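Enquirer: protein.cif is reproduced in full below (mmCIF, C-alpha atoms).
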data_final
#
loop_
_atom_site.label_atom_id
_atom_site.label_comp_id
_atom_site.auth_asym_id
_atom_site.auth_seq_id
_atom_site.Cartn_x
_atom_site.Cartn_y
_atom_site.Cartn_z
CA PRO E 159 20.45 -2.91 17.60
CA GLU E 160 21.42 -0.13 15.21
CA PRO E 161 18.57 0.67 12.74
CA PRO E 162 19.31 -0.72 9.25
CA GLU E 163 18.25 2.56 7.55
CA GLY E 164 16.37 0.72 4.82
CA GLY E 165 15.93 -2.85 3.63
CA TRP E 166 12.65 -4.24 4.93
CA GLY E 167 12.15 -0.83 6.52
CA TRP E 168 10.95 0.57 3.18
CA MET E 169 8.08 -1.95 3.18
CA VAL E 170 7.30 -0.95 6.76
CA MET E 171 7.28 2.71 5.66
CA LEU E 172 4.76 1.99 2.87
CA ALA E 173 2.56 0.03 5.30
CA ALA E 174 2.69 2.89 7.82
CA MET E 175 1.87 5.38 5.06
CA TRP E 176 -1.21 3.34 4.11
CA CYS E 177 -2.23 3.22 7.78
CA ASN E 178 -1.90 6.99 8.21
CA GLY E 179 -3.84 7.60 5.00
CA ALA E 180 -6.62 5.07 5.63
CA VAL E 181 -7.27 6.13 9.23
CA PHE E 182 -7.21 9.92 8.85
CA GLY E 183 -8.41 9.91 5.25
CA ILE E 184 -11.70 8.36 6.41
CA GLN E 185 -11.87 10.58 9.51
CA ASN E 186 -11.19 13.80 7.59
CA SER E 187 -13.78 12.88 4.93
CA CYS E 188 -16.50 12.56 7.54
CA GLY E 189 -18.25 15.67 6.18
CA VAL E 190 -19.36 13.71 3.10
CA LEU E 191 -20.61 10.82 5.25
CA PHE E 192 -22.32 13.30 7.60
CA VAL E 193 -24.47 14.74 4.80
CA SER E 194 -25.37 11.25 3.60
CA MET E 195 -26.33 10.13 7.13
CA LEU E 196 -28.56 13.20 7.53
CA GLU E 197 -30.39 12.35 4.30
CA LEU E 198 -30.71 8.65 5.12
CA PHE E 199 -31.69 8.77 8.81
CA GLY E 200 -33.08 12.29 9.15
CA GLY E 201 -36.69 13.30 9.02
CA ARG E 202 -38.42 16.66 8.89
CA GLU E 203 -40.12 15.97 12.20
CA ASP E 204 -36.77 15.50 14.02
CA LYS E 205 -35.43 18.99 14.71
CA GLN E 206 -32.24 17.75 16.44
CA MET E 207 -30.94 15.51 13.65
CA ALA E 208 -27.76 17.52 12.98
CA PHE E 209 -26.91 17.33 16.70
CA LYS E 210 -27.50 13.57 16.81
CA THR E 211 -25.63 12.83 13.59
CA ALA E 212 -22.62 14.97 14.54
CA TRP E 213 -21.99 12.66 17.51
CA VAL E 214 -21.08 9.83 15.12
CA SER E 215 -18.12 11.65 13.53
CA SER E 216 -17.01 13.48 16.67
CA LEU E 217 -17.06 10.28 18.75
CA SER E 218 -15.01 8.56 16.08
CA MET E 219 -12.28 11.21 15.93
CA GLY E 220 -12.34 11.65 19.71
CA MET E 221 -11.89 7.94 20.41
CA VAL E 222 -8.87 7.76 18.08
CA PHE E 223 -7.09 10.20 20.39
CA PHE E 224 -8.72 9.07 23.66
CA CYS E 225 -7.24 5.58 23.30
CA SER E 226 -3.71 6.86 22.62
CA PRO E 227 -2.34 6.58 26.20
CA ILE E 228 -3.72 3.03 26.45
CA VAL E 229 -2.36 2.08 23.02
CA SER E 230 1.12 3.32 23.94
CA ILE E 231 1.13 0.99 26.96
CA PHE E 232 -0.10 -2.01 24.95
CA THR E 233 2.45 -1.31 22.22
CA ASP E 234 5.30 -1.27 24.74
CA LEU E 235 4.01 -4.45 26.38
CA PHE E 236 3.11 -6.63 23.39
CA GLY E 237 4.91 -5.11 20.41
CA CYS E 238 3.83 -3.17 17.33
CA ARG E 239 2.77 -6.07 15.10
CA LYS E 240 0.26 -7.70 17.47
CA VAL E 241 -1.37 -4.42 18.47
CA ALA E 242 -1.60 -3.14 14.87
CA VAL E 243 -3.07 -6.36 13.46
CA ILE E 244 -5.69 -6.70 16.21
CA GLY E 245 -6.54 -3.00 15.94
CA ALA E 246 -7.10 -3.22 12.17
CA ALA E 247 -9.28 -6.31 12.65
CA VAL E 248 -11.43 -4.49 15.23
CA GLY E 249 -11.70 -1.44 12.94
CA PHE E 250 -12.75 -3.66 10.04
CA ALA E 251 -15.45 -5.30 12.18
CA GLY E 252 -16.77 -1.93 13.38
CA LEU E 253 -16.95 -0.47 9.87
CA LEU E 254 -18.64 -3.57 8.49
CA ALA E 255 -21.19 -3.60 11.33
CA SER E 256 -21.93 0.08 10.59
CA SER E 257 -23.17 -0.89 7.12
CA PHE E 258 -26.04 -2.96 8.56
CA VAL E 259 -27.67 -0.46 10.95
CA SER E 260 -31.13 0.96 10.33
CA THR E 261 -31.06 3.98 12.70
CA ILE E 262 -28.45 6.54 13.78
CA GLU E 263 -28.07 5.36 17.39
CA PRO E 264 -26.19 2.05 16.75
CA LEU E 265 -23.60 4.04 14.76
CA TYR E 266 -22.47 5.63 18.02
CA PHE E 267 -21.06 2.24 19.01
CA THR E 268 -20.17 0.57 15.69
CA TYR E 269 -18.61 3.61 13.98
CA GLY E 270 -17.98 6.05 16.83
CA ILE E 271 -16.39 3.61 19.28
CA LEU E 272 -15.59 0.19 17.75
CA PHE E 273 -14.23 1.42 14.41
CA ALA E 274 -12.39 4.36 16.03
CA CYS E 275 -10.76 2.22 18.74
CA GLY E 276 -9.54 -0.17 16.06
CA CYS E 277 -8.09 2.77 14.10
CA SER E 278 -6.31 4.04 17.20
CA PHE E 279 -4.74 0.64 17.95
CA ALA E 280 -3.65 0.31 14.31
CA TYR E 281 -2.33 3.86 13.96
CA GLN E 282 0.05 4.39 16.88
CA PRO E 283 2.23 1.27 16.28
CA SER E 284 2.75 2.48 12.70
CA LEU E 285 4.66 5.47 14.08
CA VAL E 286 6.58 3.52 16.72
CA ILE E 287 7.83 0.82 14.32
CA LEU E 288 9.57 3.42 12.12
CA GLY E 289 12.12 4.02 14.88
CA HIS E 290 13.11 0.34 14.68
CA TYR E 291 14.27 0.70 11.07
CA PHE E 292 15.36 4.33 10.70
CA LYS E 293 17.39 6.83 12.66
CA LYS E 294 19.32 9.10 10.27
CA ARG E 295 16.43 9.11 7.76
CA LEU E 296 13.65 9.15 10.35
CA GLY E 297 12.63 12.75 9.56
CA LEU E 298 12.31 11.99 5.85
CA VAL E 299 10.41 8.76 6.51
CA ASN E 300 8.00 10.47 8.93
CA GLY E 301 7.33 13.14 6.34
CA ILE E 302 6.48 10.52 3.70
CA VAL E 303 4.27 8.58 6.12
CA THR E 304 2.27 11.60 7.31
CA ALA E 305 1.85 12.67 3.68
CA GLY E 306 -0.35 9.58 3.33
CA SER E 307 -3.03 11.37 5.35
CA SER E 308 -3.05 14.33 2.97
CA LEU E 309 -3.06 12.05 -0.09
CA PHE E 310 -6.14 10.13 1.11
CA THR E 311 -7.86 13.31 2.34
CA VAL E 312 -7.49 14.79 -1.15
CA SER E 313 -8.87 11.76 -3.02
CA LEU E 314 -11.40 10.11 -0.69
CA PRO E 315 -14.11 12.84 -0.67
CA PHE E 316 -14.56 12.57 -4.46
CA LEU E 317 -14.55 8.77 -4.31
CA LEU E 318 -17.09 8.76 -1.46
CA ARG E 319 -19.40 11.15 -3.30
CA VAL E 320 -19.34 8.97 -6.43
CA LEU E 321 -19.91 5.80 -4.39
CA ILE E 322 -22.74 7.26 -2.30
CA ASP E 323 -24.53 8.58 -5.38
CA SER E 324 -24.19 5.25 -7.21
CA VAL E 325 -24.45 2.50 -4.56
CA GLY E 326 -25.66 4.30 -1.40
CA LEU E 327 -24.18 4.81 2.07
CA TYR E 328 -24.29 1.17 3.23
CA ASN E 329 -22.36 -0.20 0.24
CA THR E 330 -19.93 2.73 0.47
CA LEU E 331 -19.06 1.70 4.02
CA ARG E 332 -18.50 -1.85 2.78
CA VAL E 333 -16.12 -0.56 0.11
CA LEU E 334 -14.22 1.34 2.82
CA CYS E 335 -13.81 -2.00 4.60
CA ILE E 336 -11.32 -2.88 1.82
CA LEU E 337 -9.03 -0.13 3.15
CA MET E 338 -9.19 -1.64 6.63
CA PHE E 339 -8.54 -5.16 5.31
CA VAL E 340 -5.39 -3.94 3.53
CA LEU E 341 -4.45 -2.22 6.78
CA PHE E 342 -4.88 -5.58 8.57
CA LEU E 343 -2.43 -7.18 6.12
CA ALA E 344 -0.03 -4.24 6.41
CA GLY E 345 0.25 -4.81 10.17
CA PHE E 346 2.03 -8.12 9.54
CA THR E 347 4.97 -6.24 7.97
CA TYR E 348 5.82 -4.65 11.35
CA LYS E 349 8.60 -7.09 12.15
CA PRO E 350 10.02 -5.87 15.48
CA LEU E 351 13.77 -5.30 15.82
CA ILE E 352 13.49 -4.21 19.45
CA PRO E 353 11.93 -6.65 21.96
CA SER E 354 8.74 -5.64 23.76
CA ALA E 355 8.56 -5.19 27.52
CA ARG E 356 6.89 -8.59 27.85
CA ASP E 357 9.78 -10.28 26.03
CA LYS E 358 12.35 -8.42 28.11
CA GLU E 359 10.72 -9.41 31.39
CA GLY E 360 9.71 -12.98 30.70
CA GLY E 361 11.93 -14.22 27.87
CA LYS E 362 10.79 -17.26 25.90
CA LYS E 363 9.05 -18.91 28.86
CA GLY E 364 6.27 -16.34 28.74
CA LYS E 365 6.62 -15.26 32.37
CA PHE E 366 5.68 -11.67 32.82
CA ARG E 367 6.01 -9.40 35.83
CA PHE E 368 3.48 -6.58 35.94
CA SER E 369 6.01 -4.34 37.69
CA SER E 370 7.17 -3.32 34.23
CA GLU E 371 3.83 -1.56 33.72
CA LYS E 372 4.89 1.04 36.29
CA LYS E 373 7.87 1.89 34.12
CA ILE E 374 5.71 2.05 31.00
CA CYS E 375 2.94 4.24 32.42
CA ASN E 376 4.95 7.27 33.52
CA PHE E 377 3.11 10.29 34.93
CA SER E 378 6.30 12.19 35.80
CA VAL E 379 5.90 14.32 32.66
CA PHE E 380 3.19 16.28 34.48
CA LYS E 381 5.83 17.52 36.96
CA VAL E 382 7.18 19.72 34.16
CA LEU E 383 5.33 23.07 34.34
CA GLY E 384 5.86 23.83 30.64
CA TYR E 385 4.31 20.50 29.68
CA ARG E 386 1.33 21.06 32.01
CA ILE E 387 0.61 24.39 30.31
CA TRP E 388 0.98 22.72 26.89
CA ALA E 389 -1.28 19.83 27.89
CA PHE E 390 -3.93 22.34 29.01
CA GLY E 391 -3.55 24.89 26.21
CA ILE E 392 -3.74 22.46 23.27
CA PRO E 393 -7.06 20.85 24.35
CA ALA E 394 -8.46 24.31 25.16
CA ALA E 395 -7.71 25.34 21.57
CA LEU E 396 -9.36 22.29 20.03
CA PHE E 397 -13.01 22.78 21.04
CA GLY E 398 -13.67 24.30 17.64
CA TYR E 399 -10.93 22.58 15.65
CA PHE E 400 -12.94 19.65 14.24
CA VAL E 401 -16.15 21.64 13.59
CA PRO E 402 -15.28 22.63 9.96
CA TYR E 403 -14.36 19.03 9.06
CA VAL E 404 -17.79 17.78 10.18
CA HIS E 405 -20.14 20.64 9.28
CA LEU E 406 -18.54 22.51 6.37
CA MET E 407 -20.14 20.29 3.72
CA LYS E 408 -23.60 20.80 5.19
CA HIS E 409 -23.02 24.55 5.55
CA VAL E 410 -22.07 24.80 1.85
CA GLY E 411 -25.20 22.85 0.90
CA ASP E 412 -27.37 25.18 2.98
CA ARG E 413 -25.86 28.33 1.50
CA PHE E 414 -25.09 27.42 -2.13
CA GLY E 415 -27.29 24.38 -2.76
CA ASP E 416 -26.10 21.75 -5.22
CA SER E 417 -24.61 24.31 -7.62
CA VAL E 418 -21.05 24.01 -6.23
CA PRO E 419 -18.71 20.99 -5.75
CA GLU E 420 -18.30 21.12 -1.98
CA GLU E 421 -15.75 18.25 -2.02
CA VAL E 422 -13.24 20.75 -3.47
CA LEU E 423 -13.00 22.31 0.00
CA LEU E 424 -11.73 19.06 1.54
CA LEU E 425 -9.34 18.79 -1.40
CA CYS E 426 -7.94 22.24 -0.55
CA LEU E 427 -7.63 21.34 3.13
CA GLY E 428 -5.78 18.12 2.31
CA ILE E 429 -3.33 19.62 -0.20
CA THR E 430 -2.27 22.63 1.86
CA SER E 431 -2.11 20.55 5.05
CA GLY E 432 0.50 18.34 3.36
CA VAL E 433 2.40 21.39 2.12
CA GLY E 434 2.26 22.95 5.59
CA ARG E 435 3.76 19.85 7.19
CA LEU E 436 6.71 19.90 4.82
CA ILE E 437 7.35 23.66 5.05
CA PHE E 438 6.85 24.28 8.76
CA GLY E 439 8.53 21.02 9.75
CA ARG E 440 11.66 22.32 8.06
CA VAL E 441 11.23 25.82 9.53
CA ALA E 442 10.95 24.35 13.05
CA ASP E 443 14.46 22.88 12.70
CA TYR E 444 15.86 26.43 12.66
CA ILE E 445 13.90 27.66 15.71
CA PRO E 446 15.76 26.94 18.98
CA GLY E 447 14.28 25.23 22.01
CA ALA E 448 10.71 25.72 23.17
CA LYS E 449 10.32 28.81 20.98
CA LYS E 450 8.90 26.35 18.43
CA VAL E 451 5.67 26.81 20.41
CA TYR E 452 5.24 30.20 18.74
CA LEU E 453 4.58 28.35 15.48
CA GLN E 454 1.63 26.60 17.14
CA VAL E 455 0.46 29.93 18.56
CA ALA E 456 0.42 31.40 15.05
CA SER E 457 -1.32 28.26 13.73
CA PHE E 458 -4.15 28.45 16.25
CA PHE E 459 -4.59 32.18 15.67
CA PHE E 460 -5.04 31.69 11.92
CA ILE E 461 -7.19 28.55 12.32
CA GLY E 462 -9.52 30.48 14.64
CA LEU E 463 -9.59 33.48 12.31
CA MET E 464 -10.34 31.32 9.26
CA SER E 465 -13.16 29.53 11.11
CA MET E 466 -14.77 32.90 11.91
CA MET E 467 -14.48 33.93 8.26
CA ILE E 468 -16.43 30.92 6.96
CA PRO E 469 -19.90 32.51 7.57
CA LEU E 470 -18.68 35.75 5.98
CA CYS E 471 -17.93 34.05 2.66
CA HIS E 472 -20.92 34.52 0.36
CA VAL E 473 -18.88 33.50 -2.68
CA PHE E 474 -17.62 29.92 -3.10
CA GLY E 475 -14.17 31.20 -4.12
CA GLY E 476 -13.85 32.89 -0.75
CA LEU E 477 -14.46 29.56 1.01
CA ILE E 478 -11.74 27.96 -1.13
CA ALA E 479 -9.26 30.65 -0.02
CA VAL E 480 -10.25 30.15 3.63
CA CYS E 481 -9.76 26.36 3.39
CA LEU E 482 -6.36 26.79 1.70
CA PHE E 483 -5.09 28.90 4.63
CA MET E 484 -6.76 26.68 7.24
CA GLY E 485 -5.14 23.55 5.81
CA LEU E 486 -1.72 25.22 5.69
CA PHE E 487 -1.73 26.11 9.39
CA ASP E 488 -3.39 22.82 10.31
CA GLY E 489 -0.32 21.09 8.85
CA CYS E 490 1.92 23.43 10.85
CA PHE E 491 0.14 22.60 14.13
CA ILE E 492 0.40 18.83 13.54
CA CYS E 493 3.97 18.53 12.27
CA ILE E 494 5.67 20.21 15.25
CA MET E 495 3.88 18.28 18.01
CA ALA E 496 6.75 15.80 18.47
CA PRO E 497 9.59 18.39 18.35
CA ILE E 498 7.87 20.49 21.03
CA ALA E 499 7.27 17.44 23.24
CA PHE E 500 10.95 16.54 22.88
CA GLU E 501 12.01 20.04 23.98
CA LEU E 502 9.68 20.08 27.00
CA VAL E 503 10.20 16.62 28.53
CA GLY E 504 13.27 15.11 26.84
CA ALA E 505 13.79 12.05 24.67
CA GLU E 506 13.07 9.42 27.34
CA ASP E 507 9.54 10.62 28.14
CA VAL E 508 8.49 11.94 24.73
CA SER E 509 6.32 8.92 23.85
CA GLN E 510 4.33 9.15 27.08
CA ALA E 511 4.04 12.93 26.74
CA ILE E 512 2.48 12.68 23.28
CA GLY E 513 0.21 9.80 24.37
CA PHE E 514 -1.20 11.73 27.34
CA LEU E 515 -1.65 14.87 25.23
CA LEU E 516 -3.58 13.01 22.53
CA GLY E 517 -5.80 11.51 25.21
CA LEU E 518 -6.59 14.98 26.61
CA MET E 519 -7.25 16.27 23.08
CA SER E 520 -10.03 13.72 22.61
CA ILE E 521 -12.47 15.48 24.96
CA PRO E 522 -12.79 18.86 23.17
CA MET E 523 -12.62 17.26 19.73
CA THR E 524 -15.58 15.06 20.68
CA VAL E 525 -17.69 17.80 22.25
CA GLY E 526 -17.23 20.58 19.67
CA PRO E 527 -19.11 19.23 16.60
CA PRO E 528 -22.30 18.16 18.45
CA ILE E 529 -22.54 21.63 20.02
CA ALA E 530 -22.23 23.15 16.54
CA GLY E 531 -24.95 20.76 15.31
CA LEU E 532 -27.21 21.75 18.21
CA LEU E 533 -26.79 25.44 17.33
CA ARG E 534 -27.64 24.63 13.69
CA ASP E 535 -30.80 22.80 14.76
CA ARG E 536 -31.92 25.67 17.02
CA LEU E 537 -31.00 28.63 14.81
CA GLY E 538 -31.36 27.12 11.34
CA THR E 539 -27.86 28.30 10.32
CA TYR E 540 -24.22 27.47 11.07
CA ASP E 541 -23.09 31.12 11.30
CA LEU E 542 -22.96 31.37 15.11
CA ALA E 543 -21.42 27.87 15.36
CA PHE E 544 -18.46 28.86 13.16
CA TYR E 545 -18.01 32.19 14.96
CA LEU E 546 -17.87 30.40 18.32
CA ALA E 547 -15.61 27.67 16.91
CA GLY E 548 -13.00 30.33 16.15
CA ILE E 549 -12.71 31.54 19.75
CA PRO E 550 -11.09 28.47 21.47
CA PRO E 551 -8.07 28.30 19.08
CA ILE E 552 -7.27 31.97 19.77
CA VAL E 553 -7.65 31.50 23.55
CA GLY E 554 -5.58 28.29 23.50
CA GLY E 555 -2.86 30.01 21.45
CA ALA E 556 -2.70 32.82 24.04
CA ILE E 557 -2.18 30.23 26.81
CA LEU E 558 0.68 28.62 24.89
CA CYS E 559 2.55 31.95 24.74
CA PHE E 560 3.69 31.41 28.35
CA ILE E 561 5.51 28.14 27.62
CA PRO E 562 8.83 29.50 26.22
CA TRP E 563 9.15 31.91 29.17
CA VAL E 564 8.43 29.15 31.73
CA HIS E 565 10.75 26.73 29.94
CA GLU E 566 13.66 29.21 29.97
CA ARG E 567 13.20 29.89 33.69
CA GLN E 568 13.18 26.17 34.39
CA LYS E 569 16.42 25.71 32.45
CA LEU E 570 18.05 28.54 34.39
CA ARG E 571 17.05 26.91 37.67
CA GLU E 572 18.50 23.56 36.55
CA ARG E 573 21.78 25.27 35.63
CA ALA E 574 21.89 26.97 39.03
CA LYS E 575 21.37 23.73 40.99
CA PRO E 576 24.88 22.26 40.41
CA ILE E 577 26.46 25.58 41.48
CA ASP E 578 24.41 25.62 44.67
CA ARG E 579 25.35 21.98 45.33
CA GLU E 580 29.05 22.72 44.88
CA THR E 581 28.82 25.75 47.17
CA THR E 582 27.07 23.67 49.84
CA GLU E 583 29.70 20.92 49.58
CA LYS E 584 32.51 23.46 49.94
CA MET E 585 30.83 25.00 53.00
CA LEU E 586 30.43 21.55 54.57
CA ASP E 587 34.09 20.75 53.84
CA ASN E 588 35.20 24.03 55.43
CA GLU E 589 33.02 23.37 58.45
CA SER E 590 34.38 19.84 58.90
CA THR E 591 37.96 21.15 58.52
CA LEU E 592 37.27 23.87 61.11
CA VAL E 593 35.72 21.37 63.53
CA SER E 594 38.63 18.93 63.12
CA ASP E 595 41.19 21.74 63.67
CA THR E 596 39.39 22.95 66.78
CA THR E 597 39.17 19.41 68.16
CA ALA E 598 42.86 18.79 67.55
CA LYS E 599 43.78 22.05 69.28
CA SER E 600 41.64 21.19 72.29
CA LEU E 601 43.27 17.77 72.57
CA LYS E 602 46.73 19.30 72.50
CA GLU E 603 45.77 21.75 75.27
CA MET E 604 44.43 18.89 77.33
CA GLU E 605 47.63 16.88 76.82
CA SER E 606 49.80 19.81 77.81
CA GLY E 607 47.61 20.29 80.89
CA PHE E 608 48.18 16.71 81.98
#
Step by step, read the file and then write its structure as structure tokens.

Expert:
Amino acid sequence: PEPPEGGWGWMVMLAAMWCNGAVFGIQNSCGVLFVSMLELFGGREDKQMAFKTAWVSSLSMGMVFFCSPIVSIFTDLFGCRKVAVIGAAVGFAGLLASSFVSTIEPLYFTYGILFACGCSFAYQPSLVILGHYFKKRLGLVNGIVTAGSSLFTVSLPFLLRVLIDSVGLYNTLRVLCILMFVLFLAGFTYKPLIPSARDKEGGKKGKFRFSSEKKICNFSVFKVLGYRIWAFGIPAALFGYFVPYVHLMKHVGDRFGDSVPEEVLLLCLGITSGVGRLIFGRVADYIPGAKKVYLQVASFFFIGLMSMMIPLCHVFGGLIAVCLFMGLFDGCFICIMAPIAFELVGAEDVSQAIGFLLGLMSIPMTVGPPIAGLLRDRLGTYDLAFYLAGIPPIVGGAILCFIPWVHERQKLRERAKPIDRETTEKMLDNESTLVSDTTAKSLKEMESGF
């Protein structure tokens, strides 16, 4: 059916905005929780506490992306509403269980896996359902929904700091459960207008043929060379991407003590990330084809450069400037993911292409922060960790530079194929005509001979 371009869709948009904000607002504010976990579970005798604690946040963010290919299949099979509601319920249970642990190790499962998997299952349907209700206004609606992440990222660090100082970490996690409960209720607004694969296959009787899963899980996107380079280059760039989000708060505490409001840095990241999404999303509309990739190249170059500049800032104002630029180009990198996927693989395979890419992104995003924590434990400072975190984005950006060239060559080959086919058909027609003429002539000679 044709999308209604409004109506109940506005409620769905608000629910999706809350989902985007709640999921990534909590994830992006992990630096505040990281410091609190270090103080609560750490001891002077444990010299690897930063390494151990970093696994909680990095596992959580990594699992959100790692589950994306699986979530896309479940969403196509069972519909947005069921997957979103169950995902929010699982996330609520994981966050609540995290508030009852007494050591850091159980948090790897309750917060790093259970809560994160629930967030992933709640998040992806919130993007899919928007296409049921909007088509002409889909760009505007997506902009409003993704702005929810920036809005929560701006406000949550201050709220978390106040809550942790007044009621402690455990009760703070219980307060965050309210966000997940509202997310659970929001999932019920995802009234589907397009039937799921299960409904299409089995109808009302509930019969379901698993052959449809082959159509849903489509690996043909990896046959596209430009996509393969993209799917390798993006994860290569992300080994250091999540390091500032996890360790920046602790680095500020080590260098400046309690004399500066470190939450301001997350505020700067959140504000300029939202601005970057609006600005560069509009700029990308004017850049033709796969050349949009150059925006991501520039984003990774500046993100890497800003990460390397963090240890060089001995004045808090310098860190604020670094975070403003980092957030701006972070928004640029995120907002043009879908347009680039569309250019590389086409509209039919874009959902699978993004799902597989997010899954590949989970590995470097999970590994990076613990390595930075290990370096901090060994060296007593984050300087080397931030220097090293700036290298992968620059290397990944250099890899992405090949995509527009490869994509143009592929398009030229596709244009040449029909010409070659026509030429071959003409040659075959000429051959068949020649053969038939020769045969007819031979028959006439034979007849005249008789």

Enquirer: Could you tell me which residues the PyMOL selection byres ((chain E and resi 428) around 10) returns for this structure, as number ranges by chain?

Expert: E: 183, 186-187, 305, 307-313, 422-427, 429-434, 481-482, 484-486, 488-489

Enquirer: Export C-alpha atoms of the chosen residues as a short mmCIF file (atom, residue, chain, number, x, y, z; two decimals), in the frame of the given file?

Expert:
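Result went into part38.cif, see below:
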data_model
loop_
_atom_site.label_atom_id
_atom_site.label_comp_id
_atom_site.auth_asym_id
_atom_site.auth_seq_id
_atom_site.Cartn_x
_atom_site.Cartn_y
_atom_site.Cartn_z
CA GLY E 183 -8.41 9.91 5.25
CA ASN E 186 -11.19 13.80 7.59
CA SER E 187 -13.78 12.88 4.93
CA ALA E 305 1.85 12.67 3.68
CA SER E 307 -3.03 11.37 5.35
CA SER E 308 -3.05 14.33 2.97
CA LEU E 309 -3.06 12.05 -0.09
CA PHE E 310 -6.14 10.13 1.11
CA THR E 311 -7.86 13.31 2.34
CA VAL E 312 -7.49 14.79 -1.15
CA SER E 313 -8.87 11.76 -3.02
CA VAL E 422 -13.24 20.75 -3.47
CA LEU E 423 -13.00 22.31 0.00
CA LEU E 424 -11.73 19.06 1.54
CA LEU E 425 -9.34 18.79 -1.40
CA CYS E 426 -7.94 22.24 -0.55
CA LEU E 427 -7.63 21.34 3.13
CA ILE E 429 -3.33 19.62 -0.20
CA THR E 430 -2.27 22.63 1.86
CA SER E 431 -2.11 20.55 5.05
CA GLY E 432 0.50 18.34 3.36
CA VAL E 433 2.40 21.39 2.12
CA GLY E 434 2.26 22.95 5.59
CA CYS E 481 -9.76 26.36 3.39
CA LEU E 482 -6.36 26.79 1.70
CA MET E 484 -6.76 26.68 7.24
CA GLY E 485 -5.14 23.55 5.81
CA LEU E 486 -1.72 25.22 5.69
CA ASP E 488 -3.39 22.82 10.31
CA GLY E 489 -0.32 21.09 8.85
#

Enquirer: Name the closest residue to Ala448 in chain E among the candidates E:Met219, E:Ile494, E:Leu265, E:Ala543; distances are taken between atoms, counting all atoms listed in the file.

Expert: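 Using all atoms listed in the file, the shortest distance to Ala448 in chain E belongs to E:Ile494.
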
Enquirer: Quick one: residues within 9 Å of Val303 in chain E, all atoms listed in the file counted, chain neighbours fewer than 3 positions away excluded, as a PyMOL selection string?

Expert: chain E and resi 171-179+285+298-300+306-307

Enquirer: On this structure, which residues satisfy the PyMOL selection byres ((chain E and resi 276) around 8), written as a PyMOL selection string?

Expert: chain E and resi 244-250+252+272-275+277-280

Enquirer: Please produce an output containing C-alpha atoms for each residue in the selection, written as a short mmCIF file (atom, residue, chain, number, x, y, z; two decimals), in the frame of the given file.

Expert:
data_model
loop_
_atom_site.label_atom_id
_atom_site.label_comp_id
_atom_site.auth_asym_id
_atom_site.auth_seq_id
_atom_site.Cartn_x
_atom_site.Cartn_y
_atom_site.Cartn_z
CA ILE E 244 -5.69 -6.70 16.21
CA GLY E 245 -6.54 -3.00 15.94
CA ALA E 246 -7.10 -3.22 12.17
CA ALA E 247 -9.28 -6.31 12.65
CA VAL E 248 -11.43 -4.49 15.23
CA GLY E 249 -11.70 -1.44 12.94
CA PHE E 250 -12.75 -3.66 10.04
CA GLY E 252 -16.77 -1.93 13.38
CA LEU E 272 -15.59 0.19 17.75
CA PHE E 273 -14.23 1.42 14.41
CA ALA E 274 -12.39 4.36 16.03
CA CYS E 275 -10.76 2.22 18.74
CA CYS E 277 -8.09 2.77 14.10
CA SER E 278 -6.31 4.04 17.20
CA PHE E 279 -4.74 0.64 17.95
CA ALA E 280 -3.65 0.31 14.31
#

Enquirer: Using all atoms listed in the file, pick whichever of E:Thr347, E:Ser417, E:Gln454, E:Asn329 has the shortest atom-to-atom distance to Leu288 in chain E.

Expert: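 Closest to Leu288 in chain E of all the choices is E:Thr347.
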
Enquirer: If the PyMOL selection byres ((chain E and resi 550) around 9) is run on the structure shown, which residues does it catch, given as a PyMOL selection string?

Expert: chain E and resi 394-399+458+462+546-549+551-555
